[in-house]
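Student: First the structure, then my questions, so here it is.
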Amino acid sequence: MGTFAGVNFENMGLLTGKVALVTGATRGIGRAIALRYASEGADVAFTYRSQHEAAQSLKAEIEAMGVRSKAYTSDAADFAQAHEVVEDVKAEFGRIDILVNNAGITKDGLMMRMDEAQWDAVIDTNLKSAFNFIHACTPIMARQRCGSIINMSSVVGESGNAGQCNYSASKAGLIGLAKSIAKEMGPRGIRANCIAPGFISTDMTSALPENLRQEWEKQIPARRAGTPEDVAGVALFLACDMSAYVTGQVISCCGGMNC
């Protein structure tokens, strides 16, 4: 978090006593968020699809910070599996204060060449998964009279992008979902917001040719790609009590790319 008004917010225990559930957390942004939450005192449960070794490594890193952690092999797009994970997290940790819907994939292609399977896979993993976990978590949060839901959207969810109709649609859907949940669940003490990352250095972007990466970076006012840790800082703000009056919002983390 850095400093604000002369106060250093690094590792102040901003999430002490809270329990976070992060989907798709074994790499990139999800991993950075899980570690940042743990460094601020939260117990962290997380899901992953297939990277068992990475999941066990992350769990060990989290527990080394003196908090609890549990990893769940789960297909976030599966309604029943999502509910099973949430039920177990509640039984294991006693509560759920923070839900980060981070699970996501890309299957890019121009609309005229995109097949139904490409569309369905991205919508199910990126958007339906958020519905699944919100559906399972909101009753718990409502009984607690508190909770923060964070949907990981994208700048392309706001602006669109050629060759990413499915991805852009899923990320735009996450924005509408968060805004609707904010209005429905606000009276129960539940907040819902979105983060819209821009060009972030992750496995997804590392596959791009270096010349294309450089062209992207030239278009960013900050003149660099973002890092997963940049996004994790925003996710910490939305999870902790400093954002207690922030709900239904989209916060871009894009170095000015979408300003």
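Naming works like this for the structure tokens: A, B, ... for the chains as they're shown, residue 1 at the start of each chain, ligands 1 onward in shown order.
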Would you list the contacts of Pro197 in chain A as a ChimeraX atom specification, taking every protein, DNA or RNA residue within 6 Å and counting only C-alpha atoms, but skipping same-chain residues closer than 5 positions in sequence?
Tutor: /A:154-155,252-254
Student: DSSP on the backbone, strand (DSSP E or B) only: what residues of range 25-259 of chain A does that give? Format it as a VMD selection string.
Tutor: chain A and resid 43 to 48 69 to 73 98 to 101 109 147 to 152 164 190 to 197 200 226 250 to 253
Student: For the helix (DSSP H, G or I) assignment from backbone DSSP, which residues of range 35-102 of chain A qualify? Please present them as a PyMOL selection string.
Tutor: chain A and resi 35-39+52-63+79-93
Student: Set the distance at 6 Å and use only C-alpha atoms: which residues neighbour range 68-75 of chain A once local chain neighbours fewer than 4 positions away are removed? I'd like the list as a PDB file with N, CA and C atoms, in the first residue's frame.
Tutor:
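around_13.pdb written:
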ATOM      1  N   ASP A  43      -6.371 -15.220   6.742  1.00  0.00           N
ATOM      2  CA  ASP A  43      -6.317 -16.633   6.352  1.00  0.00           C
ATOM      3  C   ASP A  43      -6.809 -16.711   4.913  1.00  0.00           C
ATOM      4  N   VAL A  44      -6.145 -17.537   4.100  1.00  0.00           N
ATOM      5  CA  VAL A  44      -6.437 -17.534   2.665  1.00  0.00           C
ATOM      6  C   VAL A  44      -6.742 -18.941   2.158  1.00  0.00           C
ATOM      7  N   ALA A  45      -7.959 -19.113   1.667  1.00  0.00           N
ATOM      8  CA  ALA A  45      -8.324 -20.321   0.913  1.00  0.00           C
ATOM      9  C   ALA A  45      -8.282 -19.953  -0.563  1.00  0.00           C
ATOM     10  N   PHE A  46      -7.909 -20.899  -1.399  1.00  0.00           N
ATOM     11  CA  PHE A  46      -7.845 -20.587  -2.824  1.00  0.00           C
ATOM     12  C   PHE A  46      -8.128 -21.830  -3.661  1.00  0.00           C
ATOM     13  N   THR A  47      -8.559 -21.580  -4.888  1.00  0.00           N
ATOM     14  CA  THR A  47      -8.847 -22.675  -5.809  1.00  0.00           C
ATOM     15  C   THR A  47      -7.850 -22.684  -6.954  1.00  0.00           C
ATOM     16  N   TYR A  48      -7.732 -23.853  -7.555  1.00  0.00           N
ATOM     17  CA  TYR A  48      -6.907 -24.001  -8.753  1.00  0.00           C
ATOM     18  C   TYR A  48      -7.469 -25.165  -9.548  1.00  0.00           C
ATOM     19  N   ARG A  49      -7.096 -25.221 -10.813  1.00  0.00           N
ATOM     20  CA  ARG A  49      -7.656 -26.249 -11.692  1.00  0.00           C
ATOM     21  C   ARG A  49      -6.774 -27.486 -11.780  1.00  0.00           C
ATOM     22  N   LYS A  59       0.511 -22.514  -0.908  1.00  0.00           N
ATOM     23  CA  LYS A  59      -0.011 -22.798   0.436  1.00  0.00           C
ATOM     24  C   LYS A  59       1.100 -22.704   1.477  1.00  0.00           C
ATOM     25  N   GLU A  63       1.332 -20.060   4.628  1.00  0.00           N
ATOM     26  CA  GLU A  63       1.420 -20.540   6.009  1.00  0.00           C
ATOM     27  C   GLU A  63       2.704 -20.069   6.689  1.00  0.00           C
TER      28      GLU A  63
END
Student: Do you know which residues are at most 9 Å from Asp108 in chain A counting only C-alpha atoms, after dropping those on the same chain fewer than 6 positions away, and could you put them as a list in words?
Tutor: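 The contact residues come out as Met114, Gln118, Gly163, Gln164, Cys165, Asn166 and Tyr167 of chain A.
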Student: Please produce an output containing C-alpha atoms for each residue in the selection, written as a PDB file, in the first residue's frame.
Tutor:
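The resulting file, out09.pdb, is reproduced below:
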ATOM      1  CA  MET A 114     -14.735 -18.114 -33.355  1.00  0.00           C
ATOM      2  CA  GLN A 118     -14.316 -20.985 -27.636  1.00  0.00           C
ATOM      3  CA  GLY A 163     -10.105 -10.576 -31.502  1.00  0.00           C
ATOM      4  CA  GLN A 164     -11.376 -10.865 -27.932  1.00  0.00           C
ATOM      5  CA  CYS A 165     -15.153 -10.719 -28.230  1.00  0.00           C
ATOM      6  CA  ASN A 166     -15.618 -13.596 -25.808  1.00  0.00           C
ATOM      7  CA  TYR A 167     -13.070 -12.296 -23.292  1.00  0.00           C
TER       8      TYR A 167
END
Student: Hey, which of A:Ala80, A:Ile150, A:Val67, A:Met12 ends up closest to Leu35 in chain A? Count only C-alpha atoms.
Tutor: A:Val67
Student: Check the smallest atom-to-atom distance from each of A:Leu174, A:Ala54, A:Ile29, A:Cys259 to Gln219 in chain A using only C-alpha atoms, then report the winner.
Tutor: A:Cys259
Student: Taking into account only C-alpha atoms, which residue in the set A:Ser201, A:Ser180, A:Thr247, A:Thr26 is nearest to Leu58 in chain A?
Tutor: A:Thr26
Student: Nearest to Arg143 in chain A: which of A:Arg95, A:Lys171, A:Lys183, A:Lys107 is it, counting only C-alpha atoms?
Tutor: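 Among A:Arg95, A:Lys171, A:Lys183, A:Lys107, it is A:Arg95 that comes nearest to Arg143 in chain A.
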Student: Find the nearest atom pair between each residue of range 149-253 of chain A and range 120-135 of chain A for residues within 12 Å, count only C-alpha atoms, give distances in Å to one decimal, sort rows by chain and ascending number, and present the table as JSON lines.
Tutor:
{"residue": "A:Ile149", "atom": "CA", "partner": "A:Ile134", "partner_atom": "CA", "distance": 7.7}
{"residue": "A:Ile150", "atom": "CA", "partner": "A:Ala130", "partner_atom": "CA", "distance": 9.5}
{"residue": "A:Asn151", "atom": "CA", "partner": "A:Ala130", "partner_atom": "CA", "distance": 7.3}
{"residue": "A:Met152", "atom": "CA", "partner": "A:Asn126", "partner_atom": "CA", "distance": 8.9}
{"residue": "A:Ser153", "atom": "CA", "partner": "A:Asn126", "partner_atom": "CA", "distance": 8.9}
{"residue": "A:Ser154", "atom": "CA", "partner": "A:Asn126", "partner_atom": "CA", "distance": 11.1}
{"residue": "A:Gly157", "atom": "CA", "partner": "A:Leu127", "partner_atom": "CA", "distance": 11.6}
{"residue": "A:Gln164", "atom": "CA", "partner": "A:Val122", "partner_atom": "CA", "distance": 10.1}
{"residue": "A:Cys165", "atom": "CA", "partner": "A:Val122", "partner_atom": "CA", "distance": 9.9}
{"residue": "A:Asn166", "atom": "CA", "partner": "A:Val122", "partner_atom": "CA", "distance": 6.3}
{"residue": "A:Tyr167", "atom": "CA", "partner": "A:Val122", "partner_atom": "CA", "distance": 6.3}
{"residue": "A:Ser168", "atom": "CA", "partner": "A:Ile123", "partner_atom": "CA", "distance": 9.6}
{"residue": "A:Ala169", "atom": "CA", "partner": "A:Ile123", "partner_atom": "CA", "distance": 7.7}
{"residue": "A:Ser170", "atom": "CA", "partner": "A:Leu127", "partner_atom": "CA", "distance": 5.3}
{"residue": "A:Lys171", "atom": "CA", "partner": "A:Leu127", "partner_atom": "CA", "distance": 7.2}
{"residue": "A:Ala172", "atom": "CA", "partner": "A:Leu127", "partner_atom": "CA", "distance": 9.1}
{"residue": "A:Gly173", "atom": "CA", "partner": "A:Leu127", "partner_atom": "CA", "distance": 6.6}
{"residue": "A:Leu174", "atom": "CA", "partner": "A:Leu127", "partner_atom": "CA", "distance": 6.2}
{"residue": "A:Ile175", "atom": "CA", "partner": "A:Leu127", "partner_atom": "CA", "distance": 9.9}
{"residue": "A:Gly176", "atom": "CA", "partner": "A:Leu127", "partner_atom": "CA", "distance": 10.6}
{"residue": "A:Leu177", "atom": "CA", "partner": "A:Phe131", "partner_atom": "CA", "distance": 8.0}
{"residue": "A:Ala178", "atom": "CA", "partner": "A:Ala130", "partner_atom": "CA", "distance": 9.5}
{"residue": "A:Ser180", "atom": "CA", "partner": "A:Phe131", "partner_atom": "CA", "distance": 11.6}
{"residue": "A:Ile181", "atom": "CA", "partner": "A:Ile134", "partner_atom": "CA", "distance": 8.8}
{"residue": "A:Ala182", "atom": "CA", "partner": "A:Ile134", "partner_atom": "CA", "distance": 11.6}
{"residue": "A:Met185", "atom": "CA", "partner": "A:Ile134", "partner_atom": "CA", "distance": 10.9}
{"residue": "A:Ile190", "atom": "CA", "partner": "A:Ile134", "partner_atom": "CA", "distance": 11.0}
{"residue": "A:Arg191", "atom": "CA", "partner": "A:Ile134", "partner_atom": "CA", "distance": 11.5}
{"residue": "A:Ala192", "atom": "CA", "partner": "A:Ile134", "partner_atom": "CA", "distance": 9.9}
{"residue": "A:Cys194", "atom": "CA", "partner": "A:Ala130", "partner_atom": "CA", "distance": 11.6}
Student: Can you work out which one of A:Ile105, A:Arg36, A:Ile62, A:Ala136 has the shortest atom-to-atom distance to Phe79 in chain A, counting only C-alpha atoms?
Tutor: A:Ala136
Student: Mind pulling up the distance from CA of Gln56 in chain A to CA of Asn102 in chain A?
Tutor: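 Interatomic distance here is 18.5 Å.
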Student: Just checking: using only C-alpha atoms, which residue out of A:Ile33, A:Ala91, A:Leu21, A:Cys137 ends up closest to Pro228 in chain A?
Tutor: A:Ile33
Student: Gly147 in chain A: which residues within 9 Å, counting only C-alpha atoms, same-chain residues fewer than 5 positions away excluded, as a PyMOL selection string?
Tutor: chain A and resi 96-99+138+140-142+188-192+239
Student: Quote the spacing between CA of Ile220 in chain A and CA of Met257 in chain A in Å to one decimal place.
Tutor: 4.7 Å
